[in-house]
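protein-v4.cif, holding mmCIF, C-alpha atoms:
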data_target
loop_
_atom_site.label_atom_id
_atom_site.label_comp_id
_atom_site.auth_asym_id
_atom_site.auth_seq_id
_atom_site.Cartn_x
_atom_site.Cartn_y
_atom_site.Cartn_z
CA MET A 171 24.39 -10.82 3.06
CA GLU A 172 20.85 -9.52 2.90
CA ILE A 173 21.53 -7.98 -0.51
CA GLU A 174 23.17 -11.16 -1.85
CA VAL A 175 20.25 -13.29 -0.79
CA GLY A 176 17.82 -10.73 -2.16
CA ARG A 177 19.63 -10.77 -5.48
CA SER A 178 19.62 -14.56 -5.75
CA LEU A 179 15.89 -14.66 -4.92
CA LEU A 180 15.23 -12.11 -7.65
CA GLU A 181 17.41 -14.03 -10.13
CA GLY A 182 15.58 -17.27 -9.34
CA ASN A 183 12.30 -15.45 -9.95
CA GLU A 184 13.55 -14.05 -13.26
CA ARG A 185 14.26 -17.60 -14.51
CA ARG A 186 10.77 -18.81 -13.62
CA ALA A 187 9.26 -15.61 -15.09
CA ALA A 188 11.13 -16.19 -18.37
CA GLU A 189 9.49 -19.63 -18.59
CA LEU A 190 6.10 -17.99 -18.10
CA VAL A 191 6.85 -15.53 -20.89
CA GLY A 192 7.43 -18.52 -23.20
CA ILE A 193 4.22 -20.23 -22.09
CA PHE A 194 2.13 -17.09 -22.60
CA ARG A 195 3.73 -16.46 -26.01
CA GLU A 196 3.08 -20.02 -27.14
CA ALA A 197 -0.58 -19.80 -26.09
CA GLY A 198 -1.08 -16.28 -27.47
CA VAL A 199 -2.26 -15.03 -24.08
CA LEU A 200 -1.84 -11.38 -23.13
CA ALA A 201 -0.75 -11.40 -19.47
CA LEU A 202 -1.22 -8.25 -17.38
CA ASN A 203 0.06 -7.68 -13.84
CA LEU A 204 -2.20 -5.24 -11.94
CA ILE A 205 -0.30 -3.40 -9.22
CA SER A 206 -1.48 -0.72 -6.77
CA SER A 207 -1.92 0.19 -3.12
CA PRO A 208 -4.68 -1.62 -1.24
CA GLY A 209 -8.02 -0.10 -2.14
CA ALA A 210 -7.01 1.65 -5.36
CA GLY A 211 -9.71 -0.32 -7.14
CA LYS A 212 -8.05 -3.28 -8.89
CA THR A 213 -10.94 -5.64 -8.15
CA SER A 214 -13.61 -3.12 -9.15
CA LEU A 215 -11.76 -2.49 -12.40
CA LEU A 216 -11.66 -6.22 -13.10
CA GLU A 217 -15.34 -6.73 -12.26
CA ARG A 218 -16.29 -4.00 -14.68
CA THR A 219 -13.85 -5.01 -17.42
CA LEU A 220 -14.86 -8.67 -17.30
CA LYS A 221 -18.53 -7.74 -17.55
CA ASP A 222 -18.17 -5.14 -20.29
CA LEU A 223 -15.80 -7.13 -22.52
CA ALA A 224 -17.23 -10.61 -21.95
CA PRO A 225 -19.02 -10.68 -25.34
CA GLU A 226 -15.78 -9.88 -27.13
CA LEU A 227 -12.80 -11.36 -25.24
CA ARG A 228 -12.03 -14.55 -23.30
CA MET A 229 -10.58 -13.43 -19.99
CA ALA A 230 -9.25 -15.17 -16.90
CA VAL A 231 -7.94 -13.94 -13.55
CA ILE A 232 -5.35 -14.91 -10.95
CA GLU A 233 -6.24 -13.25 -7.64
CA GLY A 234 -3.41 -12.58 -5.19
CA ASP A 235 -4.33 -11.81 -1.58
CA LEU A 236 -2.75 -12.27 1.82
CA GLN A 237 -5.98 -13.73 3.18
CA THR A 238 -9.56 -14.45 2.08
CA ASP A 239 -10.99 -15.28 -1.32
CA ASN A 240 -13.37 -12.30 -1.24
CA ASP A 241 -11.94 -10.76 -4.40
CA ALA A 242 -11.92 -14.07 -6.26
CA ARG A 243 -15.60 -14.51 -5.43
CA ARG A 244 -16.39 -10.96 -6.58
CA VAL A 245 -14.57 -11.49 -9.86
CA ALA A 246 -15.98 -15.00 -10.42
CA ALA A 247 -19.49 -13.56 -10.40
CA SER A 248 -18.72 -12.33 -13.93
CA GLY A 249 -18.40 -15.94 -15.08
CA ALA A 250 -14.67 -15.62 -15.78
CA ARG A 251 -12.24 -18.36 -14.78
CA VAL A 252 -10.57 -17.29 -11.52
CA GLU A 253 -7.87 -18.88 -9.38
CA GLN A 254 -6.99 -17.59 -5.91
CA ILE A 255 -3.45 -17.45 -4.50
CA ASN A 256 -3.26 -16.68 -0.78
CA THR A 257 0.19 -15.51 0.30
CA TYR A 258 -0.50 -15.61 4.08
CA GLY A 259 1.66 -12.64 4.90
CA GLY A 260 3.65 -12.57 1.64
CA CYS A 261 3.76 -9.04 0.28
CA HIS A 262 3.78 -9.89 -3.46
CA LEU A 263 3.11 -12.65 -5.99
CA ASP A 264 6.06 -14.37 -7.66
CA ALA A 265 6.56 -16.40 -10.81
CA ALA A 266 6.62 -19.75 -8.98
CA GLN A 267 3.14 -19.09 -7.56
CA ILE A 268 1.83 -18.30 -11.04
CA HIS A 269 3.36 -21.55 -12.37
CA GLU A 270 1.51 -23.45 -9.68
CA VAL A 271 -2.00 -22.31 -10.64
CA LEU A 272 -1.45 -22.12 -14.40
CA PRO A 273 -2.39 -25.75 -15.19
CA ARG A 274 -5.90 -24.97 -13.94
CA PHE A 275 -6.48 -22.56 -16.86
CA ASP A 276 -7.28 -23.30 -20.49
CA LEU A 277 -4.64 -20.94 -21.84
CA ARG A 278 -5.36 -21.66 -25.50
CA GLY A 279 -8.92 -20.62 -24.86
CA THR A 280 -7.85 -17.38 -23.16
CA ASP A 281 -7.19 -13.97 -24.70
CA ILE A 282 -6.23 -11.99 -21.60
CA LEU A 283 -4.97 -13.25 -18.24
CA PHE A 284 -5.20 -10.62 -15.49
CA ILE A 285 -2.93 -11.12 -12.49
CA GLU A 286 -4.28 -9.06 -9.59
CA ASN A 287 -1.29 -8.67 -7.31
CA VAL A 288 -1.28 -8.16 -3.54
CA GLY A 289 -2.15 -4.53 -2.68
CA ASN A 290 1.28 -2.96 -2.28
CA LEU A 291 2.92 -0.16 -4.23
CA VAL A 292 6.46 -1.37 -3.49
CA CYS A 293 7.29 -5.08 -3.37
CA PRO A 294 5.27 -6.57 -6.27
CA VAL A 295 7.11 -4.31 -8.69
CA GLU A 296 10.36 -6.27 -8.39
CA PHE A 297 8.91 -9.73 -9.02
CA HIS A 298 8.21 -10.34 -12.69
CA CYS A 299 5.35 -12.80 -13.15
CA GLY A 300 5.86 -13.32 -16.88
CA GLU A 301 3.45 -10.51 -17.75
CA ASP A 302 3.55 -8.54 -20.98
CA HIS A 303 2.72 -5.34 -19.13
CA LYS A 304 2.48 -4.00 -15.63
CA VAL A 305 -0.75 -2.04 -15.20
CA ALA A 306 -0.52 0.58 -12.44
CA LEU A 307 -3.58 1.90 -10.63
CA LEU A 308 -3.65 5.00 -8.49
CA SER A 309 -6.81 6.21 -6.80
CA VAL A 310 -7.22 9.99 -6.77
CA ALA A 311 -7.91 9.68 -3.02
CA GLU A 312 -4.27 8.64 -2.53
CA GLY A 313 -2.75 11.98 -3.53
CA ASP A 314 -1.09 13.27 -6.70
CA ASP A 315 2.41 13.02 -5.18
CA LYS A 316 2.53 9.21 -5.16
CA PRO A 317 4.26 8.71 -8.55
CA GLU A 318 7.12 10.86 -7.25
CA LYS A 319 7.34 9.03 -3.93
CA TYR A 320 7.03 5.48 -5.31
CA PRO A 321 8.63 5.88 -8.74
CA LEU A 322 9.63 2.29 -9.60
CA LEU A 323 6.13 1.06 -10.42
CA PHE A 324 5.48 4.05 -12.66
CA HIS A 325 8.87 3.58 -14.30
CA LEU A 326 8.08 -0.02 -15.24
CA ALA A 327 4.35 0.14 -15.98
CA SER A 328 3.00 0.48 -19.52
CA VAL A 329 -0.22 2.16 -18.49
CA LEU A 330 -1.41 4.08 -15.42
CA LEU A 331 -5.10 4.15 -14.58
CA LEU A 332 -5.97 7.21 -12.48
CA ASN A 333 -8.97 5.63 -10.82
CA LYS A 334 -11.96 6.99 -8.87
CA ILE A 335 -12.06 10.27 -10.81
CA ASP A 336 -15.67 10.58 -9.61
CA LEU A 337 -14.06 11.66 -6.30
CA LEU A 338 -12.06 14.52 -7.85
CA PRO A 339 -14.45 17.25 -6.62
CA TYR A 340 -13.91 16.09 -3.01
CA VAL A 341 -10.13 15.55 -2.80
CA ASP A 342 -6.99 17.63 -3.37
CA PHE A 343 -5.68 15.82 -6.43
CA ASP A 344 -4.33 17.50 -9.54
CA PRO A 345 -4.40 14.90 -12.37
CA LEU A 346 -1.89 16.92 -14.40
CA ARG A 347 0.54 17.00 -11.48
CA ALA A 348 0.21 13.23 -11.01
CA GLU A 349 0.76 12.72 -14.73
CA ARG A 350 3.82 14.99 -14.70
CA PHE A 351 5.40 13.01 -11.84
CA ALA A 352 4.53 9.69 -13.49
CA LYS A 353 5.97 10.74 -16.84
CA ALA A 354 9.15 11.95 -15.15
CA ALA A 355 9.60 8.28 -14.17
CA ASN A 356 8.53 7.00 -17.58
CA GLN A 357 8.06 9.24 -20.59
CA GLY A 358 6.18 6.60 -22.59
CA LEU A 359 3.61 5.86 -19.88
CA ARG A 360 -0.03 5.99 -21.03
CA VAL A 361 -2.15 7.76 -18.40
CA LEU A 362 -5.88 7.01 -18.44
CA PRO A 363 -8.28 8.72 -15.99
CA VAL A 364 -11.15 6.35 -15.19
CA SER A 365 -14.02 5.68 -12.84
CA CYS A 366 -15.46 2.21 -12.32
CA ARG A 367 -18.73 3.55 -10.91
CA GLY A 368 -21.84 4.77 -12.71
CA GLU A 369 -21.25 5.42 -16.39
CA GLY A 370 -17.68 4.09 -16.16
CA GLN A 371 -16.06 7.34 -17.26
CA GLY A 372 -12.89 6.80 -19.29
CA LEU A 373 -13.18 3.01 -19.42
CA ALA A 374 -13.59 3.03 -23.22
CA ALA A 375 -9.97 4.20 -23.53
CA TRP A 376 -8.84 1.40 -21.20
CA TYR A 377 -10.73 -1.15 -23.31
CA ASP A 378 -9.08 0.26 -26.45
CA TRP A 379 -5.71 -0.08 -24.76
CA LEU A 380 -6.47 -3.74 -23.99
CA ARG A 381 -7.53 -4.47 -27.59
CA GLU A 382 -4.41 -2.81 -28.95
CA ALA A 383 -2.11 -4.64 -26.51
CA LEU A 384 -3.70 -7.95 -27.54
CA ARG A 385 -3.27 -7.14 -31.25
CA ASP A 386 0.39 -6.21 -30.65
CA LYS A 387 0.94 -9.43 -28.76
CA ARG A 388 -0.43 -11.58 -31.57
CA ARG A 389 1.09 -9.66 -34.44
CA MET B 152 16.46 -21.15 2.95
CA GLU B 153 14.39 -18.05 2.28
CA ILE B 154 12.44 -18.58 5.48
CA GLU B 155 15.58 -19.15 7.57
CA VAL B 156 17.16 -15.98 6.29
CA GLY B 157 13.91 -14.07 6.80
CA ARG B 158 13.73 -15.34 10.36
CA SER B 159 17.30 -14.34 11.19
CA LEU B 160 16.72 -10.87 9.71
CA LEU B 161 13.63 -10.49 11.89
CA GLU B 162 15.49 -11.75 14.97
CA GLY B 163 18.34 -9.31 14.33
CA ASN B 164 15.78 -6.55 14.07
CA GLU B 165 14.10 -7.62 17.31
CA ARG B 166 17.44 -7.23 19.15
CA ARG B 167 17.98 -3.72 17.83
CA ALA B 168 14.33 -2.86 18.55
CA ALA B 169 14.71 -4.03 22.16
CA GLU B 170 17.59 -1.58 22.54
CA LEU B 171 15.37 1.19 21.23
CA VAL B 172 12.66 0.25 23.74
CA GLY B 173 15.25 0.79 26.51
CA ILE B 174 16.37 4.13 25.09
CA PHE B 175 12.80 5.42 24.77
CA ARG B 176 11.94 4.21 28.30
CA GLU B 177 15.02 5.89 29.76
CA ALA B 178 14.18 9.19 28.05
CA GLY B 179 10.45 8.98 28.83
CA VAL B 180 9.58 9.31 25.14
CA LEU B 181 6.35 7.85 23.78
CA ALA B 182 7.27 6.31 20.41
CA LEU B 183 4.51 5.68 17.86
CA ASN B 184 4.89 3.80 14.57
CA LEU B 185 2.38 5.09 11.97
CA ILE B 186 1.54 2.43 9.40
CA SER B 187 -0.86 2.54 6.43
CA SER B 188 -1.18 2.23 2.67
CA PRO B 189 0.27 5.06 0.60
CA GLY B 190 -2.08 8.01 0.67
CA ALA B 191 -4.12 7.05 3.73
CA GLY B 192 -3.15 10.39 5.26
CA LYS B 193 -0.26 9.78 7.67
CA THR B 194 1.48 13.02 6.76
CA SER B 195 -1.70 15.10 6.91
CA LEU B 196 -2.48 13.62 10.32
CA LEU B 197 1.00 14.56 11.53
CA GLU B 198 0.82 18.09 10.13
CA ARG B 199 -2.46 18.66 11.93
CA THR B 200 -1.43 16.97 15.19
CA LEU B 201 1.89 18.84 15.40
CA LYS B 202 0.13 22.15 14.84
CA ASP B 203 -2.78 21.54 17.22
CA LEU B 204 -0.74 20.08 20.09
CA ALA B 205 2.37 22.25 19.77
CA PRO B 206 1.44 24.46 22.75
CA GLU B 207 1.08 21.40 24.94
CA LEU B 208 3.51 18.66 23.86
CA ARG B 209 7.08 18.45 22.55
CA MET B 210 6.93 16.29 19.44
CA ALA B 211 9.46 15.01 16.91
CA VAL B 212 9.16 12.99 13.71
CA ILE B 213 11.11 10.37 11.78
CA GLU B 214 9.92 10.33 8.17
CA GLY B 215 10.34 7.12 6.19
CA ASP B 216 10.05 7.31 2.41
CA LEU B 217 11.45 5.44 -0.55
CA GLN B 218 12.39 8.70 -2.25
CA THR B 219 12.07 12.46 -1.73
CA ASP B 220 11.94 14.53 1.46
CA ASN B 221 8.57 16.04 0.54
CA ASP B 222 6.83 14.74 3.66
CA ALA B 223 9.69 15.81 5.93
CA ARG B 224 9.42 19.32 4.54
CA ARG B 225 5.64 19.35 5.00
CA VAL B 226 5.98 18.20 8.59
CA ALA B 227 8.93 20.50 9.39
CA ALA B 228 6.77 23.51 8.53
CA SER B 229 5.14 22.97 11.93
CA GLY B 230 8.45 23.71 13.62
CA ALA B 231 8.87 20.15 14.92
CA ARG B 232 12.22 18.37 14.76
CA VAL B 233 12.15 16.04 11.73
CA GLU B 234 14.65 13.56 10.34
CA GLN B 235 14.22 11.89 6.96
CA ILE B 236 15.12 8.28 6.19
CA ASN B 237 15.10 7.38 2.50
CA THR B 238 14.95 3.64 1.91
CA TYR B 239 15.57 3.80 -1.88
CA GLY B 240 13.36 0.85 -2.70
CA GLY B 241 13.15 -0.62 0.82
CA CYS B 242 9.55 -1.39 1.68
CA HIS B 243 9.69 -0.67 5.44
CA LEU B 244 11.73 1.02 8.16
CA ASP B 245 13.75 -1.14 10.54
CA ALA B 246 15.24 -0.67 14.00
CA ALA B 247 18.79 -0.16 12.68
CA GLN B 248 17.63 2.80 10.60
CA ILE B 249 15.96 4.35 13.64
CA HIS B 250 19.18 3.89 15.65
CA GLU B 251 21.08 5.75 12.96
CA VAL B 252 19.02 8.97 13.11
CA LEU B 253 18.28 8.92 16.84
CA PRO B 254 21.42 10.85 17.94
CA ARG B 255 20.10 13.85 16.00
CA PHE B 256 17.15 14.21 18.39
CA ASP B 257 17.03 15.69 21.88
CA LEU B 258 15.12 12.75 23.34
CA ARG B 259 15.01 14.15 26.88
CA GLY B 260 13.32 17.22 25.46
CA THR B 261 10.76 15.14 23.55
CA ASP B 262 7.37 13.86 24.70
CA ILE B 263 6.23 12.00 21.58
CA LEU B 264 8.32 10.64 18.72
CA PHE B 265 6.24 9.80 15.64
CA ILE B 266 7.75 7.34 13.18
CA GLU B 267 6.00 7.70 9.83
CA ASN B 268 6.70 4.43 8.10
CA VAL B 269 6.88 3.76 4.34
CA GLY B 270 3.38 3.57 2.85
CA ASN B 271 2.72 -0.16 2.86
CA LEU B 272 0.05 -2.16 4.67
CA VAL B 273 2.13 -5.36 4.75
CA CYS B 274 5.89 -5.24 5.30
CA PRO B 275 6.34 -2.52 7.98
CA VAL B 276 4.16 -4.52 10.35
CA GLU B 277 6.81 -7.19 10.89
CA PHE B 278 9.69 -4.85 11.74
CA HIS B 279 9.46 -3.50 15.28
CA CYS B 280 11.09 -0.08 15.56
CA GLY B 281 11.04 0.09 19.36
CA GLU B 282 7.67 1.81 19.37
CA ASP B 283 5.22 1.69 22.27
CA HIS B 284 2.30 1.42 19.87
CA LYS B 285 1.58 0.82 16.24
CA VAL B 286 -0.95 3.36 14.97
CA ALA B 287 -2.89 2.09 11.94
CA LEU B 288 -4.53 4.45 9.45
CA LEU B 289 -7.13 3.44 6.92
CA SER B 290 -8.69 5.92 4.53
CA VAL B 291 -12.40 5.36 3.90
CA ALA B 292 -11.59 5.58 0.18
CA GLU B 293 -9.69 2.27 0.49
CA GLY B 294 -12.73 0.13 1.28
CA ASP B 295 -14.15 -1.32 4.49
CA ASP B 296 -12.86 -4.83 3.66
CA LYS B 297 -9.18 -4.00 4.20
CA PRO B 298 -8.93 -5.06 7.88
CA GLU B 299 -10.12 -8.52 6.83
CA LYS B 300 -7.73 -8.75 3.88
CA TYR B 301 -4.64 -7.36 5.68
CA PRO B 302 -5.27 -8.52 9.25
CA LEU B 303 -1.76 -8.45 10.76
CA LEU B 304 -1.52 -4.68 11.10
CA PHE B 305 -4.92 -4.49 12.75
CA HIS B 306 -4.01 -7.38 15.01
CA LEU B 307 -0.90 -5.60 16.29
CA ALA B 308 -2.02 -1.96 16.33
CA SER B 309 -3.29 -0.25 19.50
CA VAL B 310 -5.43 2.26 17.67
CA LEU B 311 -6.98 2.49 14.20
CA LEU B 312 -7.72 5.88 12.70
CA LEU B 313 -10.47 5.66 10.07
CA ASN B 314 -9.34 8.69 8.14
CA LYS B 315 -10.97 10.94 5.52
CA ILE B 316 -14.47 10.49 6.93
CA ASP B 317 -15.37 13.71 5.07
CA LEU B 318 -15.44 11.42 1.98
CA LEU B 319 -18.02 9.01 3.46
CA PRO B 320 -20.94 10.44 1.45
CA TYR B 321 -19.08 9.71 -1.81
CA VAL B 322 -17.67 6.20 -1.27
CA ASP B 323 -19.06 2.76 -0.42
CA PHE B 324 -17.58 2.39 3.04
CA ASP B 325 -19.43 1.12 6.07
CA PRO B 326 -17.47 2.22 9.18
CA LEU B 327 -19.21 -0.40 11.32
CA ARG B 328 -18.22 -3.16 8.90
CA ALA B 329 -14.60 -1.96 8.91
CA GLU B 330 -14.64 -1.84 12.71
CA ARG B 331 -16.13 -5.33 12.92
CA PHE B 332 -13.38 -6.76 10.69
CA ALA B 333 -10.68 -4.87 12.61
CA LYS B 334 -11.99 -6.04 15.98
CA ALA B 335 -12.12 -9.62 14.73
CA ALA B 336 -8.34 -9.28 14.37
CA ASN B 337 -7.94 -7.45 17.68
CA GLN B 338 -10.73 -7.13 20.21
CA GLY B 339 -8.98 -4.40 22.20
CA LEU B 340 -8.37 -2.13 19.21
CA ARG B 341 -9.52 1.48 19.64
CA VAL B 342 -11.21 2.71 16.45
CA LEU B 343 -11.35 6.47 15.93
CA PRO B 344 -13.07 7.98 12.87
CA VAL B 345 -11.28 11.22 11.91
CA SER B 346 -10.87 13.81 9.19
CA CYS B 347 -7.78 16.00 8.92
CA ARG B 348 -9.55 18.59 6.78
CA GLY B 349 -11.73 21.51 7.81
CA GLU B 350 -12.89 21.29 11.40
CA GLY B 351 -10.78 18.18 11.99
CA GLN B 352 -13.73 15.97 12.89
CA GLY B 353 -12.85 13.36 15.52
CA LEU B 354 -9.31 14.61 16.12
CA ALA B 355 -10.10 15.54 19.74
CA ALA B 356 -10.47 11.81 20.53
CA TRP B 357 -7.10 11.11 18.87
CA TYR B 358 -5.48 13.84 20.94
CA ASP B 359 -7.01 12.36 24.08
CA TRP B 360 -5.64 8.98 23.09
CA LEU B 361 -2.15 10.51 22.72
CA ARG B 362 -2.34 12.21 26.13
CA GLU B 363 -3.49 9.00 27.78
CA ALA B 364 -0.77 6.91 26.09
CA LEU B 365 1.86 9.41 27.26
CA ARG B 366 0.51 9.33 30.82
CA ASP B 367 0.55 5.52 30.78
CA LYS B 368 4.10 5.52 29.49
CA ARG B 369 5.35 7.80 32.30
CA ARG B 370 3.30 6.26 35.07
#

Any chance you could give the structure as C-alpha cells?
Amino acid sequence: MEIEVGRSLLEGNERRAAELVGIFREAGVLALNLISSPGAGKTSLLERTLKDLAPELRMAVIEGDLQTDNDARRVAASGARVEQINTYGGCHLDAAQIHEVLPRFDLRGTDILFIENVGNLVCPVEFHCGEDHKVALLSVAEGDDKPEKYPLLFHLASVLLLNKIDLLPYVDFDPLRAERFAKAANQGLRVLPVSCRGEGQGLAAWYDWLREALRDKRR
Amino acid sequence: MEIEVGRSLLEGNERRAAELVGIFREAGVLALNLISSPGAGKTSLLERTLKDLAPELRMAVIEGDLQTDNDARRVAASGARVEQINTYGGCHLDAAQIHEVLPRFDLRGTDILFIENVGNLVCPVEFHCGEDHKVALLSVAEGDDKPEKYPLLFHLASVLLLNKIDLLPYVDFDPLRAERFAKAANQGLRVLPVSCRGEGQGLAAWYDWLREALRDKRR
C-alpha cells in the first residue's frame, strides 16, 4: 500500500516534471537542481556564483526551504530574480511547486535557473523538477564516506562540488576517497573541489562547467 | 489523498511506537533517538561515548543507514551490541523496523539503547521509535542558522549537541546565535557544545546528561 501510493506520487511528479523539461527547452533555460545536506553550502555557492557571473549570464533562483526566507534574501542581495518556496515540513521540492512559481520569472530573459532544494541528501533525489542536471554538494566537514552511504544522489548527479576545501587541514577527509566512492556510484561524475570563501578556490572550474552545460543545452 | 495516507502511516507508526515505549519501560532501558544531518558526527559521538562509559554503563546500538554497515562496524569495535538496519532508500527509521531487530538484544542487560537514525534533519523527526528522548546533533560546520530553518527537530529534542567545536576558529558559526534559534523552538532544550576529537571537550556534560536521564527513567 505504502509502496503503491509512493509509486503513484512519483509517477504524477514525473508527468509534471516532463512538462517543465519542455518549458525549459522552449525558453532555452539551463535548469539546475542543487541538492545536499543542510549546511553543505548551497546558498553560499549561489551567492558567489551570482555575483561572479552577473556580468556574463542572466541567472535566476528558486529557493526551497522548510521555513524562513533567509536564503532567498541572501541570494536576492546579488540582484538576481529569486522566488521562495516554503515547504512547511516537506522534505523536498517537487515539480508541481516549481510550476507554481514559474510564471513569476522571465524565462526568455534567463540563461540559468538554479533550484536550491531543501537540505536533505535523501528525499529530493527522487523528485525530478524538470532540471537538466542535478548538482550535488558535499562539504568536507561531512566526511568522505558519504557518497558510499547515500549513493543515489551521486549516481544521478552530473557534477559533485566538494565544498569547503579551506577546512581540509582541520578535518579527516580524503578527497580521493570521496571521489572514489562517488565514481563507484557514477563513473561519469565530474568532481570539482571548491571553496566559496576568500579567493574562491576551484570556482573557475565550476564556472567553466556552467558555461559548457549552457552551450550543450542550446546546441 | 497524500495527506490522508501520510496521516494514517504516522498513526500506524505511533501505535507501534507506543508498544516500544512499554517494552523499554518494562526492561528499564533508556532509549535515545540520535537525529542529525549526514556527517554531523553521530557515529563519532557513539564511538567515543561507548568507549568512555563502557566501565560504567551497559550500552547497545541500533544503526540506521540507507546502505552499508560501515557505521555498525565502527561502533561494534567498542564491544557494544550493535544491530544494523538498512533502509535501502528509506529516509528515516520507523517503529516497525525497531521492533524487528529488538529480539536480538538482551534488553534486561542493557542500560542505554542508542538508535542512530538515517542522516536527515527532516524526515526522522516525525517517526517516533519509542525513544525517551530525541538527541539532536548539529555540527558547527553546518551553520548557526539551521535551528531556525529546520525547527521541528529542535522543538522535539531534549538535548542539542553542538558538535565539532574544535572547528569553531575556522568557520562562521556563532554558538550563541544557534542556541538562541534552538531555544526559540524549544525553551527547555539543553544545549551542550562538544568535540569528539582529542580531549573530547564538553563530553563530560553529555555523560552527566546521560546519567541523569537514566536515573530519571528508573526513578

### Task
For Phe332 in chain B, work out the shell of residues within 12 Å, counting all atoms listed in the file and skipping chain neighbours fewer than 6 positions away, then give it as a ChimeraX atom specification.
/B:294-303,305-306,311,325-326,338,340,342

### Task
Run the PyMOL selection byres ((chain A) within 10 of (chain B)) against the file shown and list the residues it catches, as a ChimeraX atom specification.
/A:171-172,175-176,179,206-211,235-241,258-262,288-293,296,308-316,318-322,334,336-337,340-341

#### Entry: Non-local contacts of range 186-200 of chain A (12 Å; only C-alpha atoms; under 3 positions in same chain excluded) as JSON, numbers by chain
{"A": [179, 180, 181, 182, 183, 203, 227, 228, 229, 230, 231, 263, 264, 265, 266, 267, 268, 269, 270, 271, 272, 273, 275, 276, 277, 278, 279, 280, 281, 282, 283, 284, 285, 296, 297, 298, 299, 300, 301, 302, 303, 304, 380, 381, 382, 383, 384, 385, 386, 387, 388, 389]}

### Message
Between CA of Asp323 in chain B and CA of Arg367 in chain A, what is the distance in Å, rounded to a tenth?
### Response
10.5 Å

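CA of Ile186 in chain B is found 23.3 Å from CA of Gly349 in chain B.
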
### Query
So how far away is CA of Glu233 in chain A from CA of Val252 in chain A, in Å?
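Between these atoms lies a distance of 7.1 Å.
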
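Distance annotation: of A:Ala375, A:Arg244, A:Asn287, A:Leu307, the residue with the minimal separation from Asn256 in chain A is A:Asn287; atom set is all atoms listed in the file.
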
### Task
Tell me which protein, DNA and RNA residues are within 8 Å of Gly353 in chain B, counting all atoms listed in the file, leaving out same-chain ones fewer than 3 positions away, and put them as JSON, numbers by chain.
{"B": [343, 344, 345, 346, 356, 357]}

### Message
For this structure, which residues satisfy the selection - the PyMOL selection byres ((chain A and resi 245) around 8) - when it is evaluated on the file as given? I want them as a VMD selection string.
### Response
chain A and resid 213 216 to 217 220 231 241 to 244 246 to 250 252

Could you give me range 210-221 of chain A completed to N, CA and C atoms, formatted as an mmCIF file, keeping the file's coordinate frame?
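New file selection30.cif:
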data_model
loop_
_atom_site.group_PDB
_atom_site.id
_atom_site.type_symbol
_atom_site.label_atom_id
_atom_site.label_comp_id
_atom_site.auth_asym_id
_atom_site.auth_seq_id
_atom_site.Cartn_x
_atom_site.Cartn_y
_atom_site.Cartn_z
ATOM 1 N N ALA A 210 -7.041 0.735 -4.212
ATOM 2 C CA ALA A 210 -7.010 1.650 -5.360
ATOM 3 C C ALA A 210 -8.061 1.274 -6.398
ATOM 4 N N GLY A 211 -8.600 0.050 -6.269
ATOM 5 C CA GLY A 211 -9.710 -0.320 -7.140
ATOM 6 C C GLY A 211 -9.391 -1.389 -8.183
ATOM 7 N N LYS A 212 -8.395 -2.221 -7.934
ATOM 8 C CA LYS A 212 -8.050 -3.280 -8.890
ATOM 9 C C LYS A 212 -9.234 -4.235 -9.109
ATOM 10 N N THR A 213 -9.861 -4.654 -8.024
ATOM 11 C CA THR A 213 -10.940 -5.640 -8.150
ATOM 12 C C THR A 213 -12.162 -5.025 -8.845
ATOM 13 N N SER A 214 -12.471 -3.785 -8.493
ATOM 14 C CA SER A 214 -13.610 -3.120 -9.150
ATOM 15 C C SER A 214 -13.339 -2.951 -10.638
ATOM 16 N N LEU A 215 -12.109 -2.621 -10.985
ATOM 17 C CA LEU A 215 -11.760 -2.490 -12.400
ATOM 18 C C LEU A 215 -11.947 -3.823 -13.118
ATOM 19 N N LEU A 216 -11.514 -4.904 -12.476
ATOM 20 C CA LEU A 216 -11.660 -6.220 -13.100
ATOM 21 C C LEU A 216 -13.131 -6.602 -13.249
ATOM 22 N N GLU A 217 -13.914 -6.389 -12.185
ATOM 23 C CA GLU A 217 -15.340 -6.730 -12.260
ATOM 24 C C GLU A 217 -15.985 -6.064 -13.475
ATOM 25 N N ARG A 218 -15.693 -4.788 -13.605
ATOM 26 C CA ARG A 218 -16.290 -4.000 -14.680
ATOM 27 C C ARG A 218 -15.780 -4.430 -16.060
ATOM 28 N N THR A 219 -14.462 -4.634 -16.141
ATOM 29 C CA THR A 219 -13.850 -5.010 -17.420
ATOM 30 C C THR A 219 -14.351 -6.370 -17.873
ATOM 31 N N LEU A 220 -14.423 -7.319 -16.948
ATOM 32 C CA LEU A 220 -14.860 -8.670 -17.300
ATOM 33 C C LEU A 220 -16.306 -8.653 -17.797
ATOM 34 N N LYS A 221 -17.124 -7.831 -17.150
ATOM 35 C CA LYS A 221 -18.530 -7.740 -17.550
ATOM 36 C C LYS A 221 -18.652 -7.064 -18.917
#
